[in-house]
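J.: Handing you this structure, nothing more for now.
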Amino acid sequence: MHSSGIKLYRTTDGLRVEIAGRHYSVGNTSWDALFNDPDLYERLRQAAGAAHEVPPPAPEHLLPPIDGQEVWAAGVTYMRSKAARMTEAAEAGGGDFYDRIYEAARPELFFKATRHRVAGHGQAVRIRRDSRWSVPELELALAVNAAGHIAGYTIGNDVSARDIEGENPLYLPQAKVYDQCCGLGPAVLVAAEPLPADTAIHLAIARDGAAVFEGTTTLAAMKRTPEELVDFLFRDNSFPAGCFLLTGTGIVPPDAFSLRAGDRIRITIDPIGTLENRVIQHHE
């Protein structure tokens, strides 16, 4: 774990914090109130110091680390993502759009999910029934409080229907926003300092027990800074409960690959942990 980081979990047994591998209960405190504490790191440190140690939460007890927050996302923040999006949109005449976004001062930002559309660690994400080409997108997610301060980090899985978006860039909301379209978790890492640029993000997809795709990138490959993305998101926009901002993906599976029901997606960012989601195609 990040040497000065505290992990905050939302579970069926209330909120939990993890410090140096030891777990503590912080009771039934409101997630939204805690998320927006102006000194969350110190608040969690003090709460753990006053609490009894408890066992680590069982995987089946983990909930997505979100309540009243919205999830937004930034696109085309990595060169690999720009290339993939240009390929998708080329036949529709929109390939040039993504090159312009990558170079523009203003980033691409879009709404992604609310709590009921989000899957936590061990839960299912879904591919659209009307999509023939869907992929996961591994992303660092910023936990941003109502004041626009980056309070922590978690792992995001921005499941996307590449065929629908590629048909017309104006279809992006349908390609991105639907039930179980987003994975988030397993915890929010509240750190005393920003994550270093060499922080690695690793994706592994298994099918029928065998690896079908793996890839790794680092935060250093991201064109825009987290602070820049947050600044644009909060321009003339308010988030009373705070929000999560997915920062884009630097790993895209080859064009011949598409998710299938039954696949297992594992996204690992070492200071935070691993987010694992199974894939389904119908509502559960």
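Labels for the structure tokens follow display order: chains A, B, ..., residues from 1 in each chain, ligands from 1.
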Counting only C-alpha atoms, what is within 7 Å of segment 147-163 of chain A, bar same-chain residues fewer than 5 positions away, as a ChimeraX atom specification?
T.: /A:40,88,131-142,175-176,181-185,187-191,230,234,246,272,275
J.: Just the residues within 6 Å of Arg16 of chain A, please, counting only C-alpha atoms, with nothing from its chain fewer than 3 positions along; format it as a ChimeraX atom specification.
T.: /A:8-9,24-26
J.: Could you pull the residues within 12 Å of segment 238-240 of chain A, counting only C-alpha atoms, minus those fewer than 5 positions along the same chain, as number ranges by chain?
T.: A: 32-33, 35-36, 67-72, 143-149, 230-233, 245
J.: Please give the complete set of residues from segment 197-230 of chain A that DSSP, run on the backbone, assigns to strand (DSSP E), formatted as a list in words.
T.: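 So, restricting segment 197-230 of chain A to strand (DSSP E), we get Ala200, Ile201, His202, Leu203, Ala204, Ile205, Ala206, Arg207, Ala210, Ala211, Val212, Phe213, Glu214, Gly215, Thr216, Thr217 and Thr218 of chain A.
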J.: Restricting the calculation to only C-alpha atoms: of A:Gly27, A:Gly49, A:Pro186, A:Pro194, which residue gets closest to Asn277 of chain A?
T.: A:Pro186
J.: Can you check which residues of segment 105-281 of chain A DSSP gives as alpha helix (DSSP H) on the backbone and send them as a PyMOL selection string?
T.: chain A and resi 162-167+172-176+226-233
J.: Save out the residues we just selected, N, CA and C atoms, as a compact mmCIF listing (two decimals), in the first residue's frame.
T.:
# COMPACT_ATOMS: atom_id res chain seq x y z
N ARG A 162 -17.85 0.01 -28.35
CA ARG A 162 -17.06 0.70 -29.37
C ARG A 162 -17.79 0.79 -30.70
N ASP A 163 -18.61 -0.21 -31.02
CA ASP A 163 -19.32 -0.17 -32.30
C ASP A 163 -20.37 0.94 -32.33
N ILE A 164 -21.07 1.14 -31.21
CA ILE A 164 -22.10 2.17 -31.17
C ILE A 164 -21.49 3.56 -31.24
N GLU A 165 -20.44 3.80 -30.48
CA GLU A 165 -19.79 5.10 -30.55
C GLU A 165 -19.15 5.34 -31.91
N GLY A 166 -18.57 4.28 -32.49
CA GLY A 166 -17.93 4.42 -33.79
C GLY A 166 -18.91 4.71 -34.91
N GLU A 167 -20.16 4.27 -34.75
CA GLU A 167 -21.17 4.52 -35.78
C GLU A 167 -21.45 6.02 -35.92
N LEU A 172 -22.32 8.64 -28.24
CA LEU A 172 -21.48 8.35 -27.08
C LEU A 172 -22.28 8.07 -25.81
N PRO A 173 -23.34 8.84 -25.47
CA PRO A 173 -24.08 8.51 -24.24
C PRO A 173 -24.65 7.10 -24.25
N GLN A 174 -25.12 6.61 -25.41
CA GLN A 174 -25.64 5.25 -25.46
C GLN A 174 -24.53 4.21 -25.38
N ALA A 175 -23.36 4.56 -25.88
CA ALA A 175 -22.22 3.64 -25.83
C ALA A 175 -21.64 3.54 -24.43
N LYS A 176 -21.86 4.57 -23.62
CA LYS A 176 -21.20 4.66 -22.33
C LYS A 176 -22.12 4.53 -21.13
N PRO A 226 -4.49 15.32 -13.53
CA PRO A 226 -5.76 15.20 -12.81
C PRO A 226 -6.33 16.55 -12.41
N GLU A 227 -5.49 17.46 -11.97
CA GLU A 227 -5.96 18.78 -11.53
C GLU A 227 -6.59 19.56 -12.69
N GLU A 228 -6.01 19.43 -13.87
CA GLU A 228 -6.57 20.10 -15.05
C GLU A 228 -7.95 19.56 -15.37
N LEU A 229 -8.11 18.24 -15.32
CA LEU A 229 -9.41 17.63 -15.63
C LEU A 229 -10.47 18.06 -14.62
N VAL A 230 -10.10 18.08 -13.35
CA VAL A 230 -11.04 18.51 -12.30
C VAL A 230 -11.42 19.97 -12.49
N ASP A 231 -10.46 20.80 -12.84
CA ASP A 231 -10.73 22.22 -13.05
C ASP A 231 -11.80 22.41 -14.13
N PHE A 232 -11.67 21.71 -15.23
CA PHE A 232 -12.66 21.85 -16.30
C PHE A 232 -14.02 21.28 -15.88
N LEU A 233 -14.02 20.17 -15.16
CA LEU A 233 -15.28 19.56 -14.74
C LEU A 233 -16.07 20.49 -13.83
J.: For Ala204 of chain A, find every residue with an atom within 10 Å (counting only C-alpha atoms), except residues of its own chain fewer than 3 positions away, and show them as a PyMOL selection string.
T.: chain A and resi 138+211-216+264-268+276
J.: Do you know which residues are at most 12 Å from segment 21-23 of chain A counting only C-alpha atoms, after dropping those on the same chain fewer than 4 positions away, and could you put them as a ChimeraX atom specification?
T.: /A:1-9,15-17,44-45,47-49,51-58,271,273
J.: Tell me, in Å to one decimal, how far atom CA of Phe244 of chain A is from atom CA of Ile66 of chain A.
T.: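 Between atom CA of Phe244 of chain A and atom CA of Ile66 of chain A the gap works out to 8.5 Å.
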J.: Which residues are near Ala200 of chain A? Cut-off 7 Å, only C-alpha atoms, ignore same chain within fewer than 4 positions. Put them as a short mmCIF file (atom, residue, chain, number, x, y, z; two decimals) with C-alpha atoms, in the first residue's frame.
T.:
data_model
loop_
_atom_site.label_atom_id
_atom_site.label_comp_id
_atom_site.auth_asym_id
_atom_site.auth_seq_id
_atom_site.Cartn_x
_atom_site.Cartn_y
_atom_site.Cartn_z
CA THR A 216 -0.09 -2.23 -18.57
CA THR A 217 0.29 1.52 -18.70
CA THR A 218 1.34 4.23 -16.24
CA LEU A 219 -0.01 7.59 -15.20
CA ILE A 269 -3.37 -0.25 -9.35
#
J.: Which one of A:Ala261, A:Asp198, A:Val279, A:Trp31 sits closest to Gln180 of chain A if you count only C-alpha atoms?
T.: A:Val279
J.: Work out how far atom CA of Leu109 of chain A is from atom CA of Gly75 of chain A, in Å to one decimal.
T.: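 Going from atom CA of Gly75 of chain A over to atom CA of Leu109 of chain A, I get 6.4 Å.
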J.: Using only C-alpha atoms, which residue out of A:Glu18, A:Gly120, A:Gly242, A:Leu170 lies closest to Asp37 of chain A?
T.: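 Closest candidate: A:Gly242.
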